[in-house]
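Here is the file query.csv (CSV, C-alpha atoms).
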chain,number,residue,atom,x,y,z
A,1,MET,CA,26.1,74.6,149.5
A,2,THR,CA,26.0,75.4,145.8
A,3,PRO,CA,25.9,79.2,145.2
A,4,LYS,CA,22.8,80.6,143.5
A,5,ARG,CA,22.9,83.3,140.9
A,6,THR,CA,20.2,85.6,139.5
A,7,PHE,CA,21.0,87.8,136.4
A,8,LEU,CA,19.8,91.4,136.4
A,9,LYS,CA,20.0,93.3,133.1
A,10,LEU,CA,20.7,97.0,133.6
A,11,THR,CA,21.3,98.1,130.0
A,12,GLU,CA,21.7,96.3,126.6
A,13,ASN,CA,25.3,95.6,127.4
A,14,ILE,CA,25.6,95.8,131.2
A,15,GLY,CA,24.2,93.4,133.8
A,16,CYS,CA,24.9,91.9,137.2
A,17,PHE,CA,24.7,88.4,138.7
A,18,THR,CA,23.4,89.1,142.2
A,19,GLY,CA,24.4,87.0,145.2
A,20,SER,CA,26.5,87.0,148.3
A,21,THR,CA,29.1,88.9,146.2
A,22,ASN,CA,27.6,90.7,143.2
A,23,VAL,CA,29.4,90.0,139.9
A,24,GLY,CA,29.2,92.4,137.0
A,25,LEU,CA,28.8,91.2,133.4
A,26,VAL,CA,29.6,93.5,130.5
A,27,SER,CA,29.1,92.6,126.8
A,28,SER,CA,31.2,94.2,124.0
A,29,GLY,CA,31.1,92.6,120.6
A,30,PRO,CA,31.8,88.9,120.8
A,31,ALA,CA,33.5,89.3,124.2
A,32,LEU,CA,32.2,89.3,127.8
A,33,PHE,CA,33.9,90.8,130.8
A,34,LEU,CA,33.2,89.9,134.4
A,35,ILE,CA,33.7,92.2,137.3
A,36,ASP,CA,34.8,90.0,140.2
A,37,SER,CA,34.2,86.3,140.2
A,38,GLY,CA,32.5,85.2,143.4
A,39,ASP,CA,33.9,83.6,146.5
A,40,CYS,CA,35.0,80.1,145.6
A,41,LYS,CA,35.6,77.8,142.7
A,42,GLU,CA,32.1,76.4,142.9
A,43,ASP,CA,30.7,79.9,142.5
A,44,GLY,CA,32.9,80.4,139.4
A,45,ALA,CA,31.5,77.2,138.0
A,46,VAL,CA,28.0,78.3,138.6
A,47,LEU,CA,28.7,81.7,136.9
A,48,ALA,CA,30.3,79.8,133.9
A,49,SER,CA,27.1,77.7,133.6
A,50,CYS,CA,24.9,80.8,133.7
A,51,ILE,CA,26.9,82.6,131.1
A,52,ARG,CA,26.8,79.7,128.7
A,53,GLU,CA,23.0,79.5,129.1
A,54,LEU,CA,22.5,83.3,128.7
A,55,PHE,CA,25.1,84.0,126.1
A,56,PRO,CA,25.8,80.8,124.2
A,57,GLU,CA,27.4,82.6,121.3
A,58,LYS,CA,29.8,84.7,123.5
A,59,LYS,CA,33.0,84.0,125.4
A,60,VAL,CA,34.5,85.6,128.5
A,61,ARG,CA,37.6,87.5,127.6
A,62,ALA,CA,38.6,88.7,131.1
A,63,VAL,CA,37.7,88.7,134.7
A,64,ILE,CA,38.4,92.1,136.3
A,65,ASN,CA,38.9,91.9,140.0
A,66,THR,CA,38.2,95.0,142.1
A,67,HIS,CA,40.6,93.8,144.8
A,68,GLY,CA,42.3,90.8,146.2
A,69,HIS,CA,39.9,89.5,148.9
A,70,SER,CA,39.0,85.9,148.2
A,71,ASP,CA,35.2,86.6,148.1
A,72,HIS,CA,35.9,88.7,145.0
A,73,CYS,CA,38.4,86.5,143.2
A,74,GLY,CA,37.6,83.0,144.4
A,75,GLY,CA,36.0,82.0,141.1
A,76,ASN,CA,38.9,83.1,138.9
A,77,LEU,CA,40.4,79.7,138.3
A,78,ALA,CA,37.0,78.0,137.4
A,79,LEU,CA,36.3,80.8,134.9
A,80,LYS,CA,39.8,80.5,133.5
A,81,GLU,CA,39.3,76.8,133.0
A,82,ALA,CA,35.9,77.3,131.4
A,83,PHE,CA,36.7,80.1,129.0
A,84,ASP,CA,40.5,80.3,128.8
A,85,CYS,CA,40.1,84.0,129.8
A,86,GLU,CA,42.5,86.4,131.4
A,87,VAL,CA,42.4,87.9,134.9
A,88,TRP,CA,42.9,91.7,135.3
A,89,ALA,CA,43.5,93.2,138.7
A,90,PRO,CA,44.9,96.3,140.4
A,91,GLU,CA,48.7,96.0,140.6
A,92,THR,CA,49.1,95.7,144.4
A,93,GLU,CA,46.0,93.6,144.7
A,94,SER,CA,47.5,91.1,142.2
A,95,ILE,CA,50.0,90.1,144.9
A,96,PHE,CA,47.1,88.8,147.1
A,97,ILE,CA,45.4,87.0,144.2
A,98,GLU,CA,48.6,85.3,143.3
A,99,ASN,CA,49.6,84.7,147.0
A,100,PRO,CA,46.2,84.2,148.7
A,101,THR,CA,47.5,83.4,152.2
A,102,VAL,CA,49.1,86.9,152.5
A,103,PRO,CA,45.8,88.6,153.4
A,104,LEU,CA,45.2,86.1,156.2
A,105,ASP,CA,48.6,87.0,157.6
A,106,ILE,CA,47.7,90.7,157.4
A,107,TYR,CA,44.4,90.2,159.3
A,108,TRP,CA,46.2,88.1,162.0
A,109,GLY,CA,49.2,90.4,162.2
A,110,GLY,CA,51.7,87.5,161.7
A,111,ARG,CA,51.6,83.9,160.6
A,112,HIS,CA,47.9,83.3,160.6
A,113,LEU,CA,46.2,80.8,162.9
A,114,ALA,CA,44.8,78.0,160.8
A,115,ASP,CA,41.6,78.0,162.8
A,116,SER,CA,40.9,81.6,161.7
A,117,HIS,CA,39.9,80.6,158.2
A,118,ILE,CA,36.4,81.7,157.4
A,119,PRO,CA,34.3,81.3,154.2
A,120,ALA,CA,34.4,85.0,153.2
A,121,PHE,CA,38.2,85.0,153.5
A,122,ARG,CA,39.0,81.4,152.8
A,123,THR,CA,42.3,80.3,151.4
A,124,ILE,CA,41.9,79.9,147.7
A,125,GLU,CA,44.2,78.5,145.1
A,126,PRO,CA,46.7,81.0,143.7
A,127,CYS,CA,45.7,82.5,140.3
A,128,LYS,CA,48.0,84.3,137.9
A,129,VAL,CA,47.0,87.9,137.1
A,130,ASP,CA,47.5,88.5,133.3
A,131,LYS,CA,47.1,92.2,133.3
A,132,PRO,CA,47.9,94.7,136.1
A,133,LEU,CA,45.5,97.6,136.2
A,134,THR,CA,45.8,101.3,137.3
A,135,GLU,CA,43.5,104.2,137.0
A,136,GLY,CA,42.6,105.0,133.4
A,137,GLU,CA,40.2,104.2,130.6
A,138,ILE,CA,39.8,101.2,128.3
A,139,ASP,CA,37.7,101.7,125.2
A,140,GLY,CA,35.8,98.7,123.8
A,141,GLU,CA,33.5,98.0,120.9
A,142,GLU,CA,30.2,98.6,122.6
A,143,VAL,CA,31.3,99.9,126.0
A,144,SER,CA,34.1,101.8,127.7
A,145,PHE,CA,35.7,101.1,131.1
A,146,LYS,CA,36.9,103.7,133.5
A,147,MET,CA,39.1,102.4,136.4
A,148,ILE,CA,39.0,104.6,139.5
A,149,SER,CA,41.2,104.2,142.5
A,150,LEU,CA,39.1,103.5,145.7
A,151,PRO,CA,41.4,102.7,148.6
A,152,GLY,CA,40.3,102.5,152.2
A,153,HIS,CA,38.8,99.0,152.4
A,154,PHE,CA,42.0,97.5,151.1
A,155,TYR,CA,45.3,98.6,149.6
A,156,ASP,CA,44.8,99.2,145.8
A,157,GLN,CA,41.1,98.6,145.2
A,158,LEU,CA,39.6,99.8,141.9
A,159,GLY,CA,36.1,100.7,141.0
A,160,ILE,CA,34.9,100.2,137.5
A,161,VAL,CA,32.6,102.6,135.7
A,162,VAL,CA,31.2,101.0,132.6
A,163,SER,CA,29.5,103.2,129.9
A,164,ASP,CA,27.1,101.6,127.4
A,165,LYS,CA,27.6,103.3,124.1
A,166,SER,CA,24.2,102.1,122.9
A,167,CYS,CA,22.3,104.3,125.4
A,168,GLY,CA,24.8,106.5,127.1
A,169,LYS,CA,24.0,105.0,130.6
A,170,LYS,CA,26.7,104.2,133.1
A,171,ALA,CA,27.1,101.6,135.8
A,172,CYS,CA,29.5,102.0,138.7
A,173,PHE,CA,30.8,98.8,140.2
A,174,MET,CA,32.2,99.9,143.5
A,175,GLY,CA,33.8,96.8,145.0
A,176,ASP,CA,33.9,97.2,148.8
A,177,ALA,CA,34.5,100.9,148.6
A,178,PHE,CA,30.7,101.3,149.3
A,179,PHE,CA,28.4,99.1,151.3
A,180,GLY,CA,24.8,98.5,150.7
A,181,LEU,CA,22.2,99.1,153.4
A,182,GLU,CA,21.8,95.4,154.1
A,183,MET,CA,25.5,95.0,154.8
A,184,ILE,CA,25.7,98.0,157.1
A,185,LYS,CA,22.7,96.8,159.1
A,186,LYS,CA,24.1,93.3,159.4
A,187,TYR,CA,27.8,94.0,160.2
A,188,TRP,CA,28.0,97.7,161.3
A,189,ILE,CA,31.8,97.6,161.3
A,190,PRO,CA,32.9,95.9,158.1
A,191,PHE,CA,36.6,95.2,157.4
A,192,MET,CA,38.5,98.5,157.0
A,193,GLN,CA,42.1,99.3,156.3
A,194,ASP,CA,41.8,103.1,156.5
A,195,PRO,CA,38.5,104.8,157.4
A,196,LEU,CA,39.7,108.3,156.1
A,197,LEU,CA,40.6,106.9,152.7
A,198,PHE,CA,37.3,105.0,152.7
A,199,ARG,CA,35.3,108.2,153.2
A,200,LYS,CA,37.3,109.9,150.5
A,201,SER,CA,36.5,107.0,148.1
A,202,VAL,CA,32.8,107.3,149.0
A,203,SER,CA,33.0,111.0,148.0
A,204,LYS,CA,34.8,110.1,144.8
A,205,ILE,CA,32.0,107.7,143.9
A,206,GLU,CA,29.5,110.5,144.5
A,207,GLU,CA,31.2,112.6,141.8
A,208,GLU,CA,30.9,109.9,139.1
A,209,GLY,CA,27.4,110.6,138.0
A,210,ALA,CA,26.5,107.1,137.0
A,211,ASP,CA,23.0,105.8,136.5
A,212,PHE,CA,23.4,102.6,138.4
A,213,PHE,CA,25.6,101.8,141.5
A,214,ILE,CA,26.5,98.3,142.3
A,215,PRO,CA,28.1,97.5,145.7
A,216,SER,CA,29.8,94.1,145.9
A,217,HIS,CA,27.5,93.2,148.9
A,218,GLY,CA,23.9,94.4,149.0
A,219,ASN,CA,21.2,95.6,146.7
A,220,LEU,CA,21.9,97.8,143.6
A,221,PHE,CA,20.5,101.3,143.5
A,222,ASP,CA,20.2,104.3,141.2
A,223,ARG,CA,21.6,107.8,141.4
A,224,ASP,CA,18.6,109.2,143.4
A,225,LYS,CA,19.5,107.0,146.4
A,226,LEU,CA,23.3,107.7,146.2
A,227,PRO,CA,23.5,110.7,148.5
A,228,ALA,CA,21.6,109.1,151.4
A,229,MET,CA,23.6,105.8,151.0
A,230,ALA,CA,26.9,107.7,150.8
A,231,GLU,CA,26.1,109.6,154.0
A,232,MET,CA,25.3,106.3,155.8
A,233,ASN,CA,28.7,104.8,154.6
A,234,LYS,CA,30.6,107.8,156.0
A,235,LEU,CA,28.6,107.9,159.2
A,236,MET,CA,29.3,104.2,159.8
A,237,THR,CA,33.0,104.9,160.0
A,238,LEU,CA,32.6,108.1,162.0
A,239,GLU,CA,30.5,106.3,164.6
A,240,ALA,CA,33.2,103.6,165.0
A,241,GLU,CA,35.9,106.3,165.4
A,242,ASN,CA,33.8,108.1,168.0
A,243,LEU,CA,33.2,104.9,169.9
A,244,VAL,CA,36.9,104.2,170.1
A,245,LEU,CA,37.5,107.7,171.4
A,246,LYS,CA,34.7,107.3,174.0
A,247,ILE,CA,36.3,104.1,175.2
A,248,VAL,CA,39.7,105.5,175.8
A,249,ARG,CA,38.3,108.6,177.4
A,250,LYS,CA,36.9,106.4,180.2
A,251,ALA,CA,40.3,104.7,180.8
A,252,PRO,CA,43.5,104.0,178.9
A,253,ALA,CA,43.0,100.7,177.0
A,254,THR,CA,44.9,98.1,174.9
A,255,CYS,CA,43.7,97.2,171.4
A,256,ASP,CA,42.1,94.0,172.8
A,257,GLU,CA,40.3,95.9,175.5
A,258,ILE,CA,38.9,98.4,172.9
A,259,LEU,CA,37.9,95.5,170.7
A,260,LYS,CA,35.9,93.9,173.6
A,261,GLU,CA,34.0,97.1,174.3
A,262,VAL,CA,33.2,97.6,170.6
A,263,ALA,CA,31.9,94.0,170.4
A,264,ASP,CA,29.9,94.5,173.6
A,265,PHE,CA,28.4,97.7,172.2
A,266,ALA,CA,27.4,96.0,169.0
A,267,GLY,CA,25.9,93.1,170.9
A,268,LEU,CA,28.3,90.6,169.4
A,269,ASN,CA,29.4,87.3,170.9
A,270,MET,CA,32.5,87.0,168.8
A,271,LYS,CA,33.8,83.9,167.2
A,272,LEU,CA,37.4,83.6,166.3
A,273,SER,CA,36.9,84.8,162.8
A,274,GLN,CA,35.2,87.9,164.0
A,275,TYR,CA,37.9,88.5,166.6
A,276,VAL,CA,40.5,88.4,163.8
A,277,LEU,CA,38.7,90.6,161.2
A,278,ILE,CA,37.1,93.1,163.6
A,279,GLY,CA,40.3,93.3,165.6
A,280,SER,CA,42.3,94.1,162.5
A,281,THR,CA,39.7,96.8,161.6
A,282,ILE,CA,39.9,98.3,165.1
A,283,ARG,CA,43.7,98.5,164.8
A,284,SER,CA,43.2,100.4,161.5
A,285,TYR,CA,40.8,102.8,163.2
A,286,ILE,CA,43.3,103.3,166.0
A,287,SER,CA,46.2,104.0,163.6
A,288,ARG,CA,44.1,106.5,161.7
A,289,LEU,CA,43.1,108.3,164.9
A,290,CYS,CA,46.7,108.4,166.0
A,291,ALA,CA,47.8,109.8,162.6
A,292,ASP,CA,45.1,112.5,162.9
A,293,GLY,CA,46.4,113.5,166.4
A,294,LYS,CA,43.3,112.2,168.3
A,295,LEU,CA,45.0,109.3,170.1
A,296,ILE,CA,48.4,108.8,171.7
A,297,TYR,CA,50.1,105.7,173.0
A,298,LYS,CA,52.3,104.8,176.0
A,299,MET,CA,54.1,101.7,176.9
A,300,GLU,CA,53.3,100.8,180.5
A,301,GLY,CA,54.3,97.6,182.2
A,302,ASN,CA,54.9,96.0,178.8
A,303,ARG,CA,51.4,96.9,177.6
A,304,LEU,CA,50.7,99.3,174.8
A,305,LEU,CA,48.0,101.6,176.1
A,306,TRP,CA,46.0,104.1,174.1
A,307,TYR,CA,45.0,107.5,175.5
A,308,PRO,CA,43.0,110.4,174.1
A,309,ALA,CA,45.3,113.2,172.8
A,310,GLY,CA,45.3,116.5,174.7
The structure given in the file should be rewritten as structure tokens.
Amino acid sequence: MTPKRTFLKLTENIGCFTGSTNVGLVSSGPALFLIDSGDCKEDGAVLASCIRELFPEKKVRAVINTHGHSDHCGGNLALKEAFDCEVWAPETESIFIENPTVPLDIYWGGRHLADSHIPAFRTIEPCKVDKPLTEGEIDGEEVSFKMISLPGHFYDQLGIVVSDKSCGKKACFMGDAFFGLEMIKKYWIPFMQDPLLFRKSVSKIEEEGADFFIPSHGNLFDRDKLPAMAEMNKLMTLEAENLVLKIVRKAPATCDEILKEVADFAGLNMKLSQYVLIGSTIRSYISRLCADGKLIYKMEGNRLLWYPAG
């Protein structure tokens, strides 16, 4: 199915292509910058076509990837081919963009099962990253960029706060450090590497004082809605943690047994892809709870069992 894109203008120099993964567009002089690139080469081609129609006199200088999940960098190669642009990405995330099977191995916990490929985390072609990014500011002709570290969802994720010099307004592109209401309602337990770091990243976003907030998945919103949405993002992770604790308080359980109870609670009939992604997320929750002194483990009969601490 060919991806569809709708362009939403936020300020004179900042906009967003809405879709399954929102893609930011920033104009500065003769150059355009994209924030993420969609989930596949076809999506990148659609974006290139839209850009040529909307901005025929301009050229994309760089794609800025928030992190290395394929639904955020799948269109990189198509955009590189269309505009001969660069790709910028967080330093650690560059490893995954240049070696796209590595995240699949991480989710699986070893050499990934071929059948576990899913559209949102499909294997994409490797793409060279031209400029590794860290926290800091980049000043442009008509805008400035502020890169902020937002770990929790994945290793080295960056958010990008763009300030439009023509009006003084700011837009915060949050990657997957913050989920829209639609995403929370649909998935409840999105992929997570560290829920504590995720909550800290949500708090960091709250301090930014931007005018517009753009999650990678879900509707855009303004600063008036930020406090309520931030609270929902934090509560989402706390609810999952409490559920894991409730399960092991009933009886010691393995990771797979905890995963089954979580899926049953959420009313899921898991497919293999959900088993892989939610299972990886549950193990991340367990590791965090163990690090926080709320869970302990014991080896019994060659099974790793989790118990409540104390």
ask   = Smallest atom-to-atom distance to Ser201 (chain A): which of A:Lys169, A:Arg223, A:Lys234, A:Lys250, using all atoms listed in the file?
value = A:Lys234
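In this comparison, which uses all atoms listed in the file, the residue of A:Gly109, A:Pro252, A:Pro126, A:Pro100 approaching Ala78 (chain A) most closely is A:Pro126.
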Using all atoms listed in the file, what residues lie at most 12 Å away from (48.2, 85.2, 141.8) (file coordinates), given as an mmCIF file with C-alpha atoms, in the coordinates of the input?
data_model
loop_
_atom_site.group_PDB
_atom_site.id
_atom_site.type_symbol
_atom_site.label_atom_id
_atom_site.label_comp_id
_atom_site.auth_asym_id
_atom_site.auth_seq_id
_atom_site.Cartn_x
_atom_site.Cartn_y
_atom_site.Cartn_z
ATOM 1 C CA ASN A 65 38.900 91.900 140.000
ATOM 2 C CA HIS A 67 40.600 93.800 144.800
ATOM 3 C CA GLY A 68 42.300 90.800 146.200
ATOM 4 C CA HIS A 69 39.900 89.500 148.900
ATOM 5 C CA SER A 70 39.000 85.900 148.200
ATOM 6 C CA CYS A 73 38.400 86.500 143.200
ATOM 7 C CA GLY A 74 37.600 83.000 144.400
ATOM 8 C CA ASN A 76 38.900 83.100 138.900
ATOM 9 C CA LEU A 77 40.400 79.700 138.300
ATOM 10 C CA GLU A 86 42.500 86.400 131.400
ATOM 11 C CA VAL A 87 42.400 87.900 134.900
ATOM 12 C CA TRP A 88 42.900 91.700 135.300
ATOM 13 C CA ALA A 89 43.500 93.200 138.700
ATOM 14 C CA PRO A 90 44.900 96.300 140.400
ATOM 15 C CA GLU A 91 48.700 96.000 140.600
ATOM 16 C CA THR A 92 49.100 95.700 144.400
ATOM 17 C CA GLU A 93 46.000 93.600 144.700
ATOM 18 C CA SER A 94 47.500 91.100 142.200
ATOM 19 C CA ILE A 95 50.000 90.100 144.900
ATOM 20 C CA PHE A 96 47.100 88.800 147.100
ATOM 21 C CA ILE A 97 45.400 87.000 144.200
ATOM 22 C CA GLU A 98 48.600 85.300 143.300
ATOM 23 C CA ASN A 99 49.600 84.700 147.000
ATOM 24 C CA PRO A 100 46.200 84.200 148.700
ATOM 25 C CA THR A 101 47.500 83.400 152.200
ATOM 26 C CA VAL A 102 49.100 86.900 152.500
ATOM 27 C CA ILE A 124 41.900 79.900 147.700
ATOM 28 C CA GLU A 125 44.200 78.500 145.100
ATOM 29 C CA PRO A 126 46.700 81.000 143.700
ATOM 30 C CA CYS A 127 45.700 82.500 140.300
ATOM 31 C CA LYS A 128 48.000 84.300 137.900
ATOM 32 C CA VAL A 129 47.000 87.900 137.100
ATOM 33 C CA ASP A 130 47.500 88.500 133.300
ATOM 34 C CA LYS A 131 47.100 92.200 133.300
ATOM 35 C CA PRO A 132 47.900 94.700 136.100
#
query = Distance CA of Phe83 (chain A)-CA of Ile35 (chain A), one decimal place?
reply = 15.0 Å
If you take only C-alpha atoms and a cut-off of 12 Å, which residues of region 27-141 of chain A touch region 16-23 of chain A, and what are their nearest atom pairs and distances in Å to one decimal, in chain and number order, as JSON lines?
{"residue": "A:Ser27", "atom": "CA", "partner": "A:Cys16", "partner_atom": "CA", "distance": 11.2}
{"residue": "A:Phe33", "atom": "CA", "partner": "A:Val23", "partner_atom": "CA", "distance": 10.2}
{"residue": "A:Leu34", "atom": "CA", "partner": "A:Val23", "partner_atom": "CA", "distance": 6.7}
{"residue": "A:Ile35", "atom": "CA", "partner": "A:Val23", "partner_atom": "CA", "distance": 5.5}
{"residue": "A:Asp36", "atom": "CA", "partner": "A:Val23", "partner_atom": "CA", "distance": 5.4}
{"residue": "A:Ser37", "atom": "CA", "partner": "A:Val23", "partner_atom": "CA", "distance": 6.1}
{"residue": "A:Gly38", "atom": "CA", "partner": "A:Thr21", "partner_atom": "CA", "distance": 5.8}
{"residue": "A:Asp39", "atom": "CA", "partner": "A:Thr21", "partner_atom": "CA", "distance": 7.2}
{"residue": "A:Cys40", "atom": "CA", "partner": "A:Thr21", "partner_atom": "CA", "distance": 10.6}
{"residue": "A:Asp43", "atom": "CA", "partner": "A:Thr21", "partner_atom": "CA", "distance": 9.9}
{"residue": "A:Gly44", "atom": "CA", "partner": "A:Val23", "partner_atom": "CA", "distance": 10.2}
{"residue": "A:Val46", "atom": "CA", "partner": "A:Phe17", "partner_atom": "CA", "distance": 10.6}
{"residue": "A:Leu47", "atom": "CA", "partner": "A:Phe17", "partner_atom": "CA", "distance": 8.0}
{"residue": "A:Ala48", "atom": "CA", "partner": "A:Phe17", "partner_atom": "CA", "distance": 11.3}
{"residue": "A:Cys50", "atom": "CA", "partner": "A:Phe17", "partner_atom": "CA", "distance": 9.1}
{"residue": "A:Ile51", "atom": "CA", "partner": "A:Phe17", "partner_atom": "CA", "distance": 9.8}
{"residue": "A:Leu54", "atom": "CA", "partner": "A:Phe17", "partner_atom": "CA", "distance": 11.4}
{"residue": "A:Val63", "atom": "CA", "partner": "A:Val23", "partner_atom": "CA", "distance": 9.9}
{"residue": "A:Ile64", "atom": "CA", "partner": "A:Val23", "partner_atom": "CA", "distance": 9.9}
{"residue": "A:Asn65", "atom": "CA", "partner": "A:Val23", "partner_atom": "CA", "distance": 9.7}
{"residue": "A:Thr66", "atom": "CA", "partner": "A:Val23", "partner_atom": "CA", "distance": 10.4}
{"residue": "A:His69", "atom": "CA", "partner": "A:Thr21", "partner_atom": "CA", "distance": 11.1}
{"residue": "A:Ser70", "atom": "CA", "partner": "A:Thr21", "partner_atom": "CA", "distance": 10.5}
{"residue": "A:Asp71", "atom": "CA", "partner": "A:Thr21", "partner_atom": "CA", "distance": 6.8}
{"residue": "A:His72", "atom": "CA", "partner": "A:Thr21", "partner_atom": "CA", "distance": 6.9}
{"residue": "A:Cys73", "atom": "CA", "partner": "A:Thr21", "partner_atom": "CA", "distance": 10.1}
{"residue": "A:Gly74", "atom": "CA", "partner": "A:Thr21", "partner_atom": "CA", "distance": 10.5}
{"residue": "A:Gly75", "atom": "CA", "partner": "A:Val23", "partner_atom": "CA", "distance": 10.4}
{"residue": "A:Asn76", "atom": "CA", "partner": "A:Val23", "partner_atom": "CA", "distance": 11.8}
{"residue": "A:Pro119", "atom": "CA", "partner": "A:Ser20", "partner_atom": "CA", "distance": 11.3}
{"residue": "A:Ala120", "atom": "CA", "partner": "A:Ser20", "partner_atom": "CA", "distance": 9.5}
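With distances taken over all atoms listed in the file, A:Glu81 is the one residue among A:Asp115, A:Glu261, A:Glu81, A:Asp139 lying closest to Ala45 (chain A).
Between CA of Ala263 (chain A) and CA of Ser280 (chain A) the interatomic distance comes to 13.1 Å.
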inquiry  = Report, in Å with one decimal, the straight-line distance from CA of Leu220 (chain A) to CA of Gly175 (chain A).
reply    = 12.0 Å
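Closest approach to Ala114 (chain A) among A:Glu12, A:Pro190, A:Thr281, A:Leu272: A:Leu272, based on all atoms listed in the file.
Nearest residue to Met174 (chain A), choosing from A:Asp264, A:Glu141, A:Glu208, A:Glu239 and counting only C-alpha atoms: A:Glu208.
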Please complete region 33-45 of chain A with N, CA, C and O atoms and give it back as a short mmCIF file (atom, residue, chain, number, x, y, z; two decimals), in the frame of the given file.
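File produced: result.cif:
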data_model
loop_
_atom_site.label_atom_id
_atom_site.label_comp_id
_atom_site.auth_asym_id
_atom_site.auth_seq_id
_atom_site.Cartn_x
_atom_site.Cartn_y
_atom_site.Cartn_z
N PHE A 33 32.96 90.46 129.71
CA PHE A 33 33.90 90.80 130.80
C PHE A 33 33.12 90.62 132.11
O PHE A 33 31.97 91.07 132.23
N LEU A 34 33.74 89.98 133.09
CA LEU A 34 33.20 89.90 134.40
C LEU A 34 33.87 90.80 135.36
O LEU A 34 35.10 90.97 135.28
N ILE A 35 33.12 91.42 136.26
CA ILE A 35 33.70 92.20 137.30
C ILE A 35 33.57 91.48 138.61
O ILE A 35 32.47 91.33 139.15
N ASP A 36 34.70 90.94 139.09
CA ASP A 36 34.80 90.00 140.20
C ASP A 36 34.27 88.63 139.77
O ASP A 36 33.71 88.48 138.68
N SER A 37 34.48 87.62 140.63
CA SER A 37 34.20 86.30 140.20
C SER A 37 33.56 85.39 141.28
O SER A 37 33.50 84.17 141.13
N GLY A 38 33.07 86.01 142.37
CA GLY A 38 32.50 85.20 143.40
C GLY A 38 33.52 84.73 144.43
O GLY A 38 34.72 85.06 144.33
N ASP A 39 33.08 83.92 145.40
CA ASP A 39 33.90 83.60 146.50
C ASP A 39 34.61 82.28 146.56
O ASP A 39 35.34 81.97 147.49
N CYS A 40 34.38 81.44 145.54
CA CYS A 40 35.00 80.10 145.60
C CYS A 40 34.92 79.52 144.16
O CYS A 40 34.25 80.05 143.26
N LYS A 41 35.61 78.40 143.98
CA LYS A 41 35.60 77.80 142.70
C LYS A 41 34.25 77.29 142.26
O LYS A 41 33.89 77.36 141.08
N GLU A 42 33.45 76.83 143.22
CA GLU A 42 32.10 76.40 142.90
C GLU A 42 31.26 77.56 142.39
O GLU A 42 30.45 77.40 141.47
N ASP A 43 31.46 78.73 142.98
CA ASP A 43 30.70 79.90 142.50
C ASP A 43 31.15 80.26 141.10
O ASP A 43 30.32 80.61 140.26
N GLY A 44 32.46 80.15 140.80
CA GLY A 44 32.90 80.40 139.40
C GLY A 44 32.30 79.44 138.45
O GLY A 44 31.94 79.81 137.32
N ALA A 45 32.15 78.17 138.85
CA ALA A 45 31.50 77.20 138.00
C ALA A 45 30.07 77.49 137.71
O ALA A 45 29.56 77.31 136.59
#
